[in-house]
Structures are given as C-alpha cells and as structure tokens.
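Structure data follow from start_30.tsv (TSV, C-alpha atoms):
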```
chain	number	residue	atom	x	y	z
A	189	MET	CA	18.58	-53.99	-93.19
A	190	SER	CA	18.71	-55.68	-96.57
A	191	THR	CA	16.01	-58.04	-97.69
A	192	ALA	CA	17.21	-61.32	-99.15
A	193	TYR	CA	15.03	-62.57	-102.00
A	194	ARG	CA	14.72	-66.19	-102.90
A	195	ARG	CA	15.58	-66.68	-106.56
A	196	ARG	CA	12.50	-67.45	-108.58
A	197	ASN	CA	12.24	-69.38	-111.81
A	198	SER	CA	11.54	-66.99	-114.64
A	199	LEU	CA	8.20	-67.15	-116.44
A	200	ARG	CA	9.66	-65.33	-119.44
A	201	LEU	CA	10.26	-67.15	-122.72
A	202	LYS	CA	13.94	-68.03	-122.79
A	203	ASP	CA	14.88	-66.84	-126.28
A	204	TYR	CA	12.22	-64.19	-126.87
A	205	ASP	CA	13.27	-60.56	-127.39
A	206	TYR	CA	11.01	-58.52	-125.08
A	207	SER	CA	11.94	-55.32	-126.90
A	208	SER	CA	10.29	-56.60	-130.11
A	209	GLU	CA	7.40	-54.97	-131.92
A	210	GLY	CA	4.17	-56.49	-130.64
A	211	ALA	CA	1.55	-56.59	-127.91
A	212	TYR	CA	1.84	-57.76	-124.32
A	213	PHE	CA	-0.82	-58.49	-121.70
A	214	VAL	CA	0.55	-57.43	-118.30
A	215	THR	CA	-0.65	-57.78	-114.71
A	216	ILE	CA	0.99	-55.79	-111.93
A	217	SER	CA	-0.07	-56.47	-108.32
A	218	CYS	CA	0.13	-54.52	-105.08
A	219	ASN	CA	2.39	-55.83	-102.35
A	220	ASP	CA	0.58	-58.30	-100.07
A	221	LYS	CA	-2.61	-57.79	-102.13
A	222	LYS	CA	-3.29	-54.51	-100.32
A	223	GLY	CA	-6.17	-52.57	-101.84
A	224	TYR	CA	-4.32	-49.30	-102.40
A	225	PHE	CA	-6.37	-48.57	-105.50
A	226	ASN	CA	-9.65	-48.42	-103.55
A	227	SER	CA	-8.64	-44.81	-102.91
A	228	PRO	CA	-9.88	-42.64	-105.83
A	229	SER	CA	-6.84	-40.33	-105.42
A	230	ILE	CA	-4.35	-43.18	-105.64
A	231	LYS	CA	-6.30	-44.80	-108.49
A	232	LYS	CA	-6.03	-41.50	-110.40
A	233	ILE	CA	-2.22	-41.51	-109.99
A	234	VAL	CA	-2.09	-45.06	-111.37
A	235	GLU	CA	-4.31	-44.12	-114.32
A	236	VAL	CA	-2.53	-40.88	-115.24
A	237	ASN	CA	0.87	-42.60	-115.19
A	238	LEU	CA	-0.50	-45.41	-117.39
A	239	LYS	CA	-1.78	-42.89	-119.91
A	240	ASN	CA	1.58	-41.08	-119.86
A	241	LEU	CA	3.67	-44.18	-120.64
A	242	ASN	CA	3.59	-43.25	-124.32
A	243	LYS	CA	5.40	-39.98	-123.50
A	244	ARG	CA	8.30	-41.77	-121.78
A	245	PHE	CA	8.49	-44.76	-124.12
A	246	ASN	CA	7.38	-45.45	-127.69
A	247	VAL	CA	4.51	-47.65	-126.49
A	248	ALA	CA	0.72	-47.51	-126.42
A	249	VAL	CA	-1.49	-48.63	-123.55
A	250	GLU	CA	-4.45	-50.03	-125.42
A	251	HIS	CA	-6.76	-51.33	-122.69
A	252	PHE	CA	-6.40	-51.35	-118.95
A	253	CYS	CA	-8.35	-52.16	-115.82
A	254	ILE	CA	-7.45	-50.87	-112.36
A	255	MET	CA	-8.68	-53.22	-109.65
A	256	PRO	CA	-8.32	-52.57	-105.88
A	257	ASP	CA	-5.07	-54.55	-105.61
A	258	HIS	CA	-3.78	-55.01	-109.18
A	259	ILE	CA	-3.92	-53.69	-112.72
A	260	HIS	CA	-4.23	-55.40	-116.10
A	261	LEU	CA	-3.17	-53.77	-119.35
A	262	ILE	CA	-2.41	-54.44	-122.97
A	263	LEU	CA	0.78	-52.69	-123.97
A	264	PHE	CA	1.89	-52.27	-127.61
A	265	PHE	CA	5.47	-51.81	-128.73
A	266	LYS	CA	4.94	-50.07	-132.07
A	267	GLU	CA	8.39	-51.04	-133.31
A	268	LYS	CA	11.59	-52.68	-132.06
A	269	GLN	CA	12.68	-50.77	-128.97
A	270	ASP	CA	15.96	-49.92	-127.24
A	271	PHE	CA	14.37	-51.07	-123.98
A	272	ALA	CA	12.62	-54.23	-122.84
A	273	LEU	CA	9.14	-54.73	-121.40
A	274	SER	CA	10.62	-55.20	-117.93
A	275	GLN	CA	12.23	-51.74	-118.10
A	276	VAL	CA	8.90	-50.12	-119.00
A	277	ILE	CA	7.13	-51.85	-116.10
A	278	GLN	CA	9.96	-51.13	-113.65
A	279	SER	CA	9.93	-47.44	-114.60
A	280	TYR	CA	6.13	-47.27	-114.32
A	281	LYS	CA	6.11	-48.92	-110.89
A	282	SER	CA	8.85	-46.58	-109.64
A	283	LEU	CA	7.05	-43.43	-110.83
A	284	VAL	CA	3.73	-44.48	-109.30
A	285	ALA	CA	5.28	-45.56	-105.98
A	286	LYS	CA	7.26	-42.31	-105.70
A	287	GLU	CA	4.20	-40.15	-106.36
A	288	ILE	CA	2.03	-42.13	-103.90
A	289	ARG	CA	4.71	-41.88	-101.20
A	290	GLU	CA	5.14	-38.13	-101.72
A	291	LYS	CA	1.42	-37.31	-101.78
A	292	PHE	CA	0.14	-39.71	-99.13
A	293	GLY	CA	3.15	-40.39	-96.90
A	294	ILE	CA	2.92	-44.14	-97.41
A	295	SER	CA	6.28	-45.59	-96.49
A	296	GLU	CA	5.59	-49.27	-97.07
A	297	LYS	CA	6.26	-51.13	-100.29
A	298	ILE	CA	3.51	-50.45	-102.87
A	299	TRP	CA	4.15	-53.10	-105.51
A	300	GLN	CA	4.65	-56.84	-105.44
A	301	ARG	CA	8.02	-57.89	-106.83
A	302	GLY	CA	7.94	-58.60	-110.57
A	303	PHE	CA	4.88	-58.81	-112.82
A	304	TYR	CA	3.03	-61.28	-115.02
A	305	ASP	CA	3.19	-60.95	-118.80
A	306	HIS	CA	1.79	-62.81	-121.78
A	307	ILE	CA	2.96	-62.22	-125.35
A	308	ILE	CA	-0.09	-61.64	-127.53
A	309	ARG	CA	0.45	-63.77	-130.63
A	310	ASN	CA	-2.58	-63.12	-132.83
A	311	GLU	CA	-5.94	-61.35	-133.08
A	312	LYS	CA	-7.84	-64.12	-131.25
A	313	ASP	CA	-5.37	-63.91	-128.36
A	314	TYR	CA	-5.72	-60.10	-128.35
A	315	LEU	CA	-9.52	-60.28	-128.22
A	316	GLU	CA	-9.43	-62.83	-125.37
A	317	LYS	CA	-7.15	-60.58	-123.29
A	318	ALA	CA	-9.17	-57.43	-124.09
A	319	LYS	CA	-12.36	-59.26	-123.10
A	320	TYR	CA	-10.70	-60.45	-119.88
A	321	ILE	CA	-9.70	-56.87	-118.99
A	322	PHE	CA	-13.21	-55.59	-119.69
A	323	ASN	CA	-14.94	-58.42	-117.83
A	324	ASN	CA	-12.57	-58.24	-114.84
A	325	GLN	CA	-13.98	-54.85	-113.84
A	326	LEU	CA	-17.52	-55.90	-114.72
A	327	LYS	CA	-17.20	-59.02	-112.55
A	328	LYS	CA	-15.95	-56.93	-109.60
A	329	ASP	CA	-18.85	-54.48	-110.03
A	330	LEU	CA	-21.35	-57.35	-110.16
A	331	GLU	CA	-19.89	-58.93	-107.01
A	332	LYS	CA	-20.18	-55.60	-105.21
A	333	GLU	CA	-23.74	-55.12	-106.48
A	334	ALA	CA	-24.74	-58.66	-105.46
A	335	MET	CA	-23.30	-58.21	-101.94
A	336	SER	CA	-25.15	-54.92	-101.57
A	337	ALA	CA	-28.41	-56.45	-102.84
A	338	SER	CA	-28.11	-59.47	-100.55
A	339	ARG	CA	-27.65	-57.17	-97.54
A	340	ARG	CA	-30.87	-55.41	-98.54
A	341	GLY	CA	-32.61	-58.76	-99.04
A	342	GLY	CA	-32.93	-58.21	-102.80
A	343	ALA	CA	-31.58	-59.74	-105.97
A	344	CYS	CA	-29.06	-58.46	-108.51
A	345	LEU	CA	-29.53	-58.49	-112.27
A	346	HIS	CA	-27.08	-56.72	-114.51
A	347	PRO	CA	-27.94	-55.76	-118.12
A	348	PHE	CA	-24.73	-57.28	-119.51
A	349	ILE	CA	-25.68	-60.72	-118.18
A	350	ILE	CA	-29.19	-60.74	-119.62
A	351	GLY	CA	-28.48	-59.62	-123.21
A	352	SER	CA	-26.79	-61.41	-126.06
A	353	GLY	CA	-23.41	-61.38	-124.34
A	354	ASN	CA	-20.81	-59.06	-122.97
A	355	PRO	CA	-19.59	-56.24	-125.19
A	356	ILE	CA	-16.02	-56.87	-126.27
A	357	PRO	CA	-13.67	-53.98	-127.04
A	358	GLU	CA	-12.83	-53.96	-130.74
A	359	PRO	CA	-9.21	-54.20	-131.87
A	360	THR	CA	-7.80	-50.83	-132.81
A	361	LYS	CA	-6.08	-49.56	-135.91
A	362	VAL	CA	-2.76	-49.94	-134.07
A	363	PHE	CA	-3.30	-53.68	-133.70
A	364	LEU	CA	-4.49	-54.09	-137.26
A	365	SER	CA	-1.47	-52.25	-138.62
A	366	ILE	CA	0.94	-54.65	-136.92
A	367	ARG	CA	1.65	-57.73	-138.98
A	368	LEU	CA	0.20	-60.78	-137.28
A	369	SER	CA	3.35	-62.68	-138.14
A	370	SER	CA	5.23	-60.45	-135.70
A	371	PHE	CA	3.16	-61.99	-132.91
A	372	TYR	CA	4.29	-65.55	-133.47
A	373	TYR	CA	7.22	-66.85	-131.51
A	374	GLU	CA	8.96	-69.85	-132.91
A	375	PRO	CA	11.84	-71.21	-130.80
```

Give the structure from this file in structure tokens form.
Amino acid sequence: MSTAYRRRNSLRLKDYDYSSEGAYFVTISCNDKKGYFNSPSIKKIVEVNLKNLNKRFNVAVEHFCIMPDHIHLILFFKEKQDFALSQVIQSYKSLVAKEIREKFGISEKIWQRGFYDHIIRNEKDYLEKAKYIFNNQLKKDLEKEAMSASRRGGACLHPFIIGSGNPIPEPTKVFLSIRLSSFYYEP
C-alpha cells in the first residue's frame, strides 16, 4: 500500500545553492518522536555513521548532539560540492535506518520525513548554534537529574548553572579558514 504525502511548503531558501561551501545547522527527528536513541546500541550506530560522513562525502561534522528522539549537528561543506545538503542527509538517514533494521529487527519507519536546516552565515551564528547543541544535551541531563532528585525529595544543583556561565565550544580551524563572506546569502 502506498502512502500519499501531503505536499509541504519548503523551508529552504529559494535561490540558495545547498551544495555551496559553508556551514549548516541540521536537525533530524525520529518518526512520531519515538525515543529510539535511548538505546545505547542504537545511539552508537547513529554516532558512528555521523563520524563516518566525511568518508562518504567531502564534509565535516563539527558538533553534534544525539537526543532520545532527534539529533542536532553542524555540518561543513569544505568546498563547492557535486551533491546538495539534502543528499547527504538522505544518505545518512538511509544508512542508519538500514543498520538499525538489520541489527534490531525494527520494521517501522525510523526517521521523520525531511529535516530542518539553517544556513550558518557568520561566526556569531556559528557560536549560537554550537552553544545550542551543547546546551541541548546539558538541559536534558539537568531535567533528568531534577526529576530524579525530586523523587528522592532532594534538590538539584548543577555546576554549569552556578559558575560564570555555560562553556561554549570554540570555533575550529575549519570554520576560521572559511571566508565569512561565503556565509552570507544575498538574494
């Protein structure tokens, strides 16, 4: 039985070349927000395939965060590519889904259709997205810790909240070597 999909309006910039040199913030979600990545074995498959993207494509995964039902990553295209961002994500999702199905016998759909992307335009934008990725996992850990503490009748204090602020991952040499002008999109 074929599944008919309702046509969605695209969130992509109309005249932007998604095979261009630059950085992209990407979010990929599990189908129906299922927490597949709560399983350490499945989470490992997701992580290994992320780290191996550079072997299949001329890209670098700079930062990533694997949550129970979605992943966030910053992906760099080091130069103009023969493929678009959507092809990289489609290939990644296919490889992960195939491996999960083979190893765990899961027959249902793993991924939500499509993905969210944001073109990173400058260093400030990069730092905001890197901080978001870092804090997303920290926030989840704090929520879990607070729930556990409240069940025990205690309180939860985390060292990152008390200090001078959350540590922010520093931009890498890859980012600094890319001309900032390549991040600006002018229609």

Shell of 12 Å around Tyr212 (chain A), all atoms listed in the file, local chain residues under 6 positions omitted, as an mmCIF file with C-alpha atoms, in the coordinates of the input:
```
data_model
loop_
_atom_site.group_PDB
_atom_site.id
_atom_site.type_symbol
_atom_site.label_atom_id
_atom_site.label_comp_id
_atom_site.auth_asym_id
_atom_site.auth_seq_id
_atom_site.Cartn_x
_atom_site.Cartn_y
_atom_site.Cartn_z
ATOM 1 C CA ARG A 200 9.660 -65.330 -119.440
ATOM 2 C CA TYR A 206 11.010 -58.520 -125.080
ATOM 3 C CA VAL A 247 4.510 -47.650 -126.490
ATOM 4 C CA ALA A 248 0.720 -47.510 -126.420
ATOM 5 C CA VAL A 249 -1.490 -48.630 -123.550
ATOM 6 C CA GLU A 250 -4.450 -50.030 -125.420
ATOM 7 C CA HIS A 251 -6.760 -51.330 -122.690
ATOM 8 C CA PHE A 252 -6.400 -51.350 -118.950
ATOM 9 C CA HIS A 260 -4.230 -55.400 -116.100
ATOM 10 C CA LEU A 261 -3.170 -53.770 -119.350
ATOM 11 C CA ILE A 262 -2.410 -54.440 -122.970
ATOM 12 C CA LEU A 263 0.780 -52.690 -123.970
ATOM 13 C CA PHE A 264 1.890 -52.270 -127.610
ATOM 14 C CA PHE A 265 5.470 -51.810 -128.730
ATOM 15 C CA LYS A 266 4.940 -50.070 -132.070
ATOM 16 C CA ALA A 272 12.620 -54.230 -122.840
ATOM 17 C CA LEU A 273 9.140 -54.730 -121.400
ATOM 18 C CA SER A 274 10.620 -55.200 -117.930
ATOM 19 C CA VAL A 276 8.900 -50.120 -119.000
ATOM 20 C CA ILE A 277 7.130 -51.850 -116.100
ATOM 21 C CA PHE A 303 4.880 -58.810 -112.820
ATOM 22 C CA TYR A 304 3.030 -61.280 -115.020
ATOM 23 C CA ASP A 305 3.190 -60.950 -118.800
ATOM 24 C CA HIS A 306 1.790 -62.810 -121.780
ATOM 25 C CA ILE A 307 2.960 -62.220 -125.350
ATOM 26 C CA ILE A 308 -0.090 -61.640 -127.530
ATOM 27 C CA ARG A 309 0.450 -63.770 -130.630
ATOM 28 C CA ASN A 310 -2.580 -63.120 -132.830
ATOM 29 C CA ASP A 313 -5.370 -63.910 -128.360
ATOM 30 C CA TYR A 314 -5.720 -60.100 -128.350
ATOM 31 C CA LYS A 317 -7.150 -60.580 -123.290
ATOM 32 C CA ALA A 318 -9.170 -57.430 -124.090
ATOM 33 C CA PHE A 363 -3.300 -53.680 -133.700
ATOM 34 C CA PHE A 371 3.160 -61.990 -132.910
#
```

| said: Under the rule that all atoms listed in the file are counted, which of A:Arg244, A:Glu209, A:Lys291, A:Asp257 is the nearest residue to Asn226 (chain A)? | reply: A:Asp257

| request: Take CA of Glu235 (chain A) and CA of Asp329 (chain A) and report the distance between them in Å, one decimal. | output: 18.4 Å

| Using all atoms listed in the file, which of the listed residues (A:Gln275, A:Lys286, A:Tyr320, A:Gly293) sits closest to Phe245 (chain A)? |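 The answer is A:Gln275, which sits nearest to Phe245 (chain A).
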
| field | Shortest interatomic distance to Val284 (chain A) - which of A:Leu315, A:Cys218, A:Leu330, A:Val234, counting only C-alpha atoms | value | A:Val234

| How many Å lie between CA of Glu287 (chain A) and CA of Leu326 (chain A), rounded to one decimal? |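 Going from CA of Glu287 (chain A) over to CA of Leu326 (chain A) covers 28.1 Å.
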
| query | From the set A:Ile321, A:Ala211, A:Leu283, A:Ile233, which residue has the shortest atom-to-atom contact distance to Glu267 (chain A), counting all atoms listed in the file? | reply |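 Closest candidate: A:Ala211.
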
| request: Go through A:His258, A:Glu311, A:Glu331, A:Ile294 one by one, measure the shortest atom-to-atom distance of each to Phe225 (chain A) using only C-alpha atoms, and give the residue with the smallest value. | output: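 The answer is A:His258, which sits nearest to Phe225 (chain A).
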
| query | How many Å lie between CA of Ile259 (chain A) and CA of Ser208 (chain A), rounded to one decimal? | reply |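 We find that CA of Ile259 (chain A) and CA of Ser208 (chain A) lie 22.6 Å from each other.
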